[in-house]
Amino acid sequence: MSRHEVLISGFGGQGVAVTGRALGSAAVSAGLRATMLLSHGTETRGGYVRSQVVISDESIDSPVVENPDIFCALSQAAYTRFIHLVSQGVVFYDPETATPGPASGARLVAVPAREIALESAGNERAANSVMLGAVLRRLNLFPVKYGMQALRGLLPRHAESNIRAVRAGYLRYME
Amino acid sequence: MRTFFDTGNAAIVEAAVLSGCGVFSGYPITPATEIAENMSRRLPLAGGFYIQAEDETAALHICIGGALGGLKTMTATSGPGYVLYADPYGWAISGEVPLVIVNAQRVGPVSGITGAPGQGEFYLSRYPTHGGNFETVVLAPNSVQEAFTMTMEAFNLAERFRTPVTILADQLVTDGYESFTVPENEEELRALGLEVIPRRAHPGPDFYPACDALDVPPVVLGLGLGAACSDWTPTAEGYDTEDTAEQMRHARRLIYKILAHRDLVDRSELHALEDDPDVVLVSYGSPSRVVLGAVKEARRQDLSAGCIRLKSLWPFQDELFRRKAEYFVVELNVEGQLVREVERASRRPAHFMGLCGELPSSAELVRAIRRILRGEALPPATDEREIR
């Protein structure tokens, strides 16, 4: 198995860190190696946040995402800032929050995450879990149950709604 | 063994608790806040004390108090707090007080950016206080697993050398998540090459012996041993003196107790140096992860490159830089700190790439290696970052 890179970026409060942690935890539960670099501004909510997740079955040298297989752009600012990194990967974006600009080589996939979260989980704040579902489906490295278990550990009080959102995101992007 | 996917901060806390840390005092600061936060939960359950200090100066003074009371102690901060340790750091060095200090470096100067890594305290960790006449012991992890093992090793080195030990990490190591393994019993601890050296107490009366000996038990007050400790130059019995000959003996002890036992501190990781490559990359901490990946990629492209990673920073390992190679130093500061030491140790000018708050990409490192191999100079770090 080669190295897989996932970049998630948006504003503080959107669940950028939780989504990355869930993805990394799930990979480790599935017996793989994972790293996640978290960069953020000073603000708790509203500031810039970025999770760089690398998954591999071998030890991971650089934890830096240089050429993401998947880029989840949760805001326009994130899209604009990092789209240049994607040379052949997939970009998941919510058309309500980001309008894609020029992207050479990247495959752009609109994920109406807020809308799907509202339908499936009854809570638009689970939009990040919809994205997580789409990412898990796209990566297709391990069973989705590991992602759901990870969310149970990370968001014990909101696990069920987020798991519904993961499932919805996962099923929507069955290819 | 238990495997976690968690931060360097979490790993440091696990290691401190396993090492028998009895007092943690700190003042929260990103990217080390979770150490204080988790210590406040974990230590009381393990019979220890968590003391929230009013500032970093007080925090390290409290740690000194805990250590002189016979407990292992630790504090954790980032650059803006590390500089406030200056006064108590000197007390701990001169009073030979064993304790562990974590500095999760972020980009500076001053408050800089909370959530971005930096490597601005390389020299500050060599001279963390005024007055001179001392050596420091500084370790530098580059992964969450290493943050765990180095914290345990730091407690032991502090104990054996009777001195504060700094773990000079960076934001990507402390805030970054990674899979890491924690031993659950003695056997698993030994399997990882780790041990726990218990806190002892010097029986006196020569609390401050004029020798370079290792494993001199630390001074513990309140045991009826007649122990004394202050910020003044001590006689062997620990009383204040103004005798410059005593000062000279004390200074020699502070320096040579460490230099005479360098083998216990020196740590490095060498990669692809067997065939004497033309370019040798040098780094520590988070950038070394990218450097290793870049060197492997360079080798795939038949470029003559290898790398040295420093796992201990001070005392500086001059012997590693005796090769006739082009040294290429990669750091998270723009002016260049490690590069100055590499140039001094190798007696050669070195190439340098310095970045601010962001790791380089391995692609740009490979381009730089090509450039050096062609005999071209790298653009100054203050110019355009992109190397073509």
# chains A, B, ... in the order shown; residues from 1 in each chain; ligands from 1
$ interface_residues --of "chain B" --to "chain A" --cutoff "7 Å" --atoms "only C-alpha atoms" --output "compact mmCIF listing (two decimals) with N, CA and C atoms, in the first residue's frame"
# COMPACT_ATOMS: atom_id res chain seq x y z
N PHE B 5 -3.79 6.93 18.93
CA PHE B 5 -3.61 7.96 17.91
C PHE B 5 -3.84 9.26 18.63
N ILE B 113 2.88 33.22 16.10
CA ILE B 113 1.62 32.57 15.74
C ILE B 113 1.49 31.33 16.62
N THR B 114 0.35 31.18 17.28
CA THR B 114 0.22 30.08 18.25
C THR B 114 0.28 28.71 17.58
N GLY B 115 -0.39 28.57 16.44
CA GLY B 115 -0.55 27.24 15.86
C GLY B 115 0.40 26.94 14.73
N ALA B 116 1.59 27.52 14.76
CA ALA B 116 2.56 27.27 13.69
C ALA B 116 3.92 26.97 14.32
N LEU B 172 4.54 21.05 15.73
CA LEU B 172 4.06 19.91 14.94
C LEU B 172 4.20 18.60 15.70
N ASP B 175 1.46 19.23 19.00
CA ASP B 175 0.06 19.34 18.58
C ASP B 175 -0.30 18.31 17.52
N GLY B 176 0.70 17.72 16.90
CA GLY B 176 0.46 16.76 15.82
C GLY B 176 0.01 15.42 16.39
N TYR B 177 -0.83 14.73 15.62
CA TYR B 177 -1.33 13.42 16.03
C TYR B 177 -0.56 12.34 15.29
N GLU B 178 -0.34 11.23 15.99
CA GLU B 178 0.37 10.13 15.36
C GLU B 178 0.10 8.86 16.16
N SER B 179 0.25 7.71 15.52
CA SER B 179 0.11 6.47 16.29
C SER B 179 1.35 6.31 17.17
N ARG B 289 11.76 15.06 9.50
CA ARG B 289 10.88 14.07 8.88
C ARG B 289 10.82 14.29 7.37
N VAL B 290 10.70 15.55 6.98
CA VAL B 290 10.63 15.88 5.55
C VAL B 290 12.00 15.64 4.91
N LEU B 292 14.25 13.44 5.72
CA LEU B 292 14.46 12.00 5.48
C LEU B 292 13.73 11.56 4.21
N GLY B 293 12.49 11.99 4.07
CA GLY B 293 11.72 11.64 2.88
C GLY B 293 12.39 12.18 1.62
N SER B 361 8.61 21.48 1.61
CA SER B 361 8.11 20.27 0.95
C SER B 361 9.34 19.45 0.55
$ residues_around --residues "B:Val102" --least-positions-apart "5" --cutoff "6 Å" --atoms "only C-alpha atoms" --output "list in words"
Ala76, Thr166 and Ile167 of chain B
$ write_last_selection --atoms "C-alpha atoms" --output "mmCIF file, in the first residue's frame"
data_model
loop_
_atom_site.group_PDB
_atom_site.id
_atom_site.type_symbol
_atom_site.label_atom_id
_atom_site.label_comp_id
_atom_site.auth_asym_id
_atom_site.auth_seq_id
_atom_site.Cartn_x
_atom_site.Cartn_y
_atom_site.Cartn_z
ATOM 1 C CA ALA B 76 5.904 22.708 29.901
ATOM 2 C CA THR B 166 14.971 20.597 28.214
ATOM 3 C CA ILE B 167 12.939 18.701 25.652
#
$ select_by_dssp --residues "chain A" --states "helix (DSSP H, G or I)" --output "PyMOL selection string"
chain A and resi 16-29+76-85+113-121+124-139+145-154+156-172
$ write_last_selection --atoms "C-alpha atoms" --output "tab-separated table (two decimals), in the first residue's frame"
chain	number	residue	atom	x	y	z
A	16	VAL	CA	-11.54	20.23	10.72
A	17	ALA	CA	-9.54	18.82	13.62
A	18	VAL	CA	-12.15	16.25	14.67
A	19	THR	CA	-12.52	14.99	11.11
A	20	GLY	CA	-8.77	14.54	10.76
A	21	ARG	CA	-8.52	12.84	14.15
A	22	ALA	CA	-11.39	10.50	13.30
A	23	LEU	CA	-9.73	9.60	10.01
A	24	GLY	CA	-6.34	8.98	11.66
A	25	SER	CA	-7.82	7.03	14.60
A	26	ALA	CA	-9.82	4.89	12.19
A	27	ALA	CA	-6.70	4.09	10.18
A	28	VAL	CA	-4.78	3.14	13.34
A	29	SER	CA	-7.68	0.94	14.55
A	76	GLN	CA	-13.64	29.49	0.14
A	77	ALA	CA	-10.47	30.69	1.86
A	78	ALA	CA	-9.25	27.10	2.28
A	79	TYR	CA	-10.03	26.30	-1.35
A	80	THR	CA	-8.15	29.33	-2.63
A	81	ARG	CA	-5.18	28.75	-0.35
A	82	PHE	CA	-4.55	25.07	-1.06
A	83	ILE	CA	-6.04	24.18	-4.46
A	84	HIS	CA	-2.59	24.57	-6.06
A	85	LEU	CA	-1.38	21.50	-4.13
A	113	ALA	CA	-22.48	18.53	3.07
A	114	ARG	CA	-24.61	20.96	5.08
A	115	GLU	CA	-27.74	19.89	3.25
A	116	ILE	CA	-26.97	16.16	3.61
A	117	ALA	CA	-26.15	16.64	7.30
A	118	LEU	CA	-29.48	18.35	7.86
A	119	GLU	CA	-31.34	15.52	6.09
A	120	SER	CA	-29.45	12.59	7.62
A	121	ALA	CA	-28.45	13.81	11.07
A	124	GLU	CA	-26.05	20.97	9.92
A	125	ARG	CA	-23.05	20.89	12.27
A	126	ALA	CA	-22.52	17.26	11.21
A	127	ALA	CA	-21.48	18.50	7.74
A	128	ASN	CA	-17.87	17.55	8.52
A	129	SER	CA	-18.98	13.97	9.20
A	130	VAL	CA	-20.66	13.86	5.80
A	131	MET	CA	-17.30	14.85	4.34
A	132	LEU	CA	-15.62	12.16	6.47
A	133	GLY	CA	-17.98	9.57	4.97
A	134	ALA	CA	-17.13	10.73	1.46
A	135	VAL	CA	-13.40	10.63	2.26
A	136	LEU	CA	-13.61	7.10	3.73
A	137	ARG	CA	-15.46	5.92	0.62
A	138	ARG	CA	-13.00	7.53	-1.73
A	139	LEU	CA	-9.95	6.21	0.14
A	145	LYS	CA	-17.05	1.00	10.80
A	146	TYR	CA	-13.60	2.12	12.01
A	147	GLY	CA	-14.50	5.70	11.15
A	148	MET	CA	-17.79	5.38	13.00
A	149	GLN	CA	-16.05	3.88	16.06
A	150	ALA	CA	-13.56	6.73	16.05
A	151	LEU	CA	-16.41	9.28	16.11
A	152	ARG	CA	-17.99	7.44	19.04
A	153	GLY	CA	-14.76	7.99	20.96
A	154	LEU	CA	-14.27	11.60	19.89
A	156	PRO	CA	-19.55	10.62	22.62
A	157	ARG	CA	-22.53	12.95	23.12
A	158	HIS	CA	-23.20	13.44	19.42
A	159	ALA	CA	-22.02	10.08	18.13
A	160	GLU	CA	-25.31	8.80	16.70
A	161	SER	CA	-26.13	11.86	14.60
A	162	ASN	CA	-22.57	12.08	13.30
A	163	ILE	CA	-22.53	8.39	12.45
A	164	ARG	CA	-25.72	8.89	10.45
A	165	ALA	CA	-23.99	11.73	8.64
A	166	VAL	CA	-20.91	9.58	7.92
A	167	ARG	CA	-23.15	6.86	6.52
A	168	ALA	CA	-25.00	9.35	4.33
A	169	GLY	CA	-21.75	10.81	3.00
A	170	TYR	CA	-20.35	7.33	2.43
A	171	LEU	CA	-23.40	6.03	0.54
A	172	ARG	CA	-23.70	9.17	-1.53
$ select_by_dssp --residues "stretch 163-339 of chain B" --states "strand (DSSP E)" --output "PyMOL selection string"
chain B and resi 164-170+177-182+268-271+279-283+305-310+312-314+326-331
$ write_last_selection --atoms "C-alpha atoms" --output "tab-separated table (two decimals), in the first residue's frame"
chain	number	residue	atom	x	y	z
B	164	PRO	CA	17.33	20.53	34.39
B	165	VAL	CA	16.83	18.82	31.02
B	166	THR	CA	14.97	20.60	28.21
B	167	ILE	CA	12.94	18.70	25.65
B	168	LEU	CA	13.05	21.10	22.71
B	169	ALA	CA	10.05	20.00	20.66
B	170	ASP	CA	8.00	22.03	18.20
B	177	TYR	CA	-1.33	13.42	16.03
B	178	GLU	CA	0.37	10.13	15.36
B	179	SER	CA	0.11	6.47	16.29
B	180	PHE	CA	2.28	5.68	19.32
B	181	THR	CA	2.77	2.79	21.68
B	182	VAL	CA	2.83	2.90	25.47
B	268	SER	CA	21.73	11.21	16.40
B	269	GLU	CA	20.27	9.40	13.44
B	270	LEU	CA	22.31	9.02	10.26
B	271	HIS	CA	20.84	8.00	6.92
B	279	VAL	CA	25.47	16.62	0.11
B	280	VAL	CA	24.61	15.96	3.76
B	281	LEU	CA	21.36	17.46	5.04
B	282	VAL	CA	21.25	18.43	8.72
B	283	SER	CA	18.13	19.04	10.79
B	305	ALA	CA	22.71	12.86	-0.65
B	306	GLY	CA	22.45	11.66	2.94
B	307	CYS	CA	21.34	13.18	6.21
B	308	ILE	CA	22.17	13.71	9.86
B	309	ARG	CA	19.39	14.22	12.38
B	310	LEU	CA	20.31	15.57	15.77
B	312	SER	CA	20.24	15.73	21.21
B	313	LEU	CA	21.21	19.35	20.60
B	314	TRP	CA	23.37	20.33	23.57
B	326	GLU	CA	28.45	20.08	1.41
B	327	TYR	CA	26.33	20.48	4.54
B	328	PHE	CA	22.77	21.64	3.91
B	329	VAL	CA	20.93	22.75	7.03
B	330	VAL	CA	17.13	22.98	7.14
B	331	GLU	CA	15.51	24.87	10.02
$ residues_around --residues "B:Gln247" --least-positions-apart "4" --cutoff "12 Å" --atoms "only C-alpha atoms" --output "mmCIF file with N, CA and C atoms, in the first residue's frame"
data_model
loop_
_atom_site.group_PDB
_atom_site.id
_atom_site.type_symbol
_atom_site.label_atom_id
_atom_site.label_comp_id
_atom_site.auth_asym_id
_atom_site.auth_seq_id
_atom_site.Cartn_x
_atom_site.Cartn_y
_atom_site.Cartn_z
ATOM 1 N N SER B 94 22.449 25.898 38.836
ATOM 2 C CA SER B 94 23.473 26.094 39.852
ATOM 3 C C SER B 94 23.201 25.256 41.099
ATOM 4 N N GLY B 131 24.886 34.470 33.176
ATOM 5 C CA GLY B 131 26.008 34.146 34.058
ATOM 6 C C GLY B 131 27.042 33.190 33.505
ATOM 7 N N GLY B 132 26.669 32.367 32.501
ATOM 8 C CA GLY B 132 27.650 31.436 31.949
ATOM 9 C C GLY B 132 28.087 30.390 32.965
ATOM 10 N N ASN B 133 29.202 29.728 32.672
ATOM 11 C CA ASN B 133 29.775 28.710 33.569
ATOM 12 C C ASN B 133 28.885 27.487 33.745
ATOM 13 N N PHE B 134 28.239 27.052 32.658
ATOM 14 C CA PHE B 134 27.412 25.841 32.750
ATOM 15 C C PHE B 134 27.229 25.212 31.372
ATOM 16 N N TYR B 208 27.548 19.362 47.540
ATOM 17 C CA TYR B 208 28.035 19.896 46.256
ATOM 18 C C TYR B 208 29.499 19.521 46.061
ATOM 19 N N ALA B 210 33.105 18.656 44.517
ATOM 20 C CA ALA B 210 33.855 19.214 43.390
ATOM 21 C C ALA B 210 34.367 18.072 42.524
ATOM 22 N N TRP B 232 23.272 31.177 45.661
ATOM 23 C CA TRP B 232 24.646 31.655 45.731
ATOM 24 C C TRP B 232 25.602 30.508 45.441
ATOM 25 N N THR B 233 26.838 30.865 45.143
ATOM 26 C CA THR B 233 27.864 29.850 44.938
ATOM 27 C C THR B 233 27.993 29.019 46.212
ATOM 28 N N PRO B 234 27.891 27.681 46.091
ATOM 29 C CA PRO B 234 27.907 26.867 47.300
ATOM 30 C C PRO B 234 29.297 26.331 47.656
ATOM 31 N N THR B 235 29.527 26.156 48.938
ATOM 32 C CA THR B 235 30.656 25.323 49.374
ATOM 33 C C THR B 235 30.205 23.883 49.185
ATOM 34 N N ALA B 236 31.094 22.940 49.451
ATOM 35 C CA ALA B 236 30.731 21.526 49.314
ATOM 36 C C ALA B 236 29.518 21.209 50.185
ATOM 37 N N ASP B 240 26.614 29.332 51.407
ATOM 38 C CA ASP B 240 27.027 30.403 50.491
ATOM 39 C C ASP B 240 28.505 30.745 50.704
ATOM 40 N N THR B 241 29.165 31.047 49.587
ATOM 41 C CA THR B 241 30.561 31.468 49.716
ATOM 42 C C THR B 241 30.843 32.563 48.704
ATOM 43 N N GLU B 242 31.824 33.395 49.016
ATOM 44 C CA GLU B 242 32.272 34.415 48.055
ATOM 45 C C GLU B 242 33.701 34.146 47.627
ATOM 46 N N ASP B 243 34.126 32.906 47.819
ATOM 47 C CA ASP B 243 35.480 32.490 47.459
ATOM 48 C C ASP B 243 35.494 32.126 45.972
ATOM 49 N N ALA B 251 31.772 25.793 38.953
ATOM 50 C CA ALA B 251 31.584 25.925 37.509
ATOM 51 C C ALA B 251 32.112 24.691 36.790
ATOM 52 N N ARG B 252 33.274 24.205 37.221
ATOM 53 C CA ARG B 252 33.855 23.016 36.566
ATOM 54 C C ARG B 252 32.952 21.799 36.776
ATOM 55 N N ARG B 253 32.389 21.701 37.951
ATOM 56 C CA ARG B 253 31.450 20.592 38.212
ATOM 57 C C ARG B 253 30.246 20.701 37.268
ATOM 58 N N LEU B 254 29.663 21.903 37.154
ATOM 59 C CA LEU B 254 28.461 22.077 36.318
ATOM 60 C C LEU B 254 28.743 21.736 34.863
#
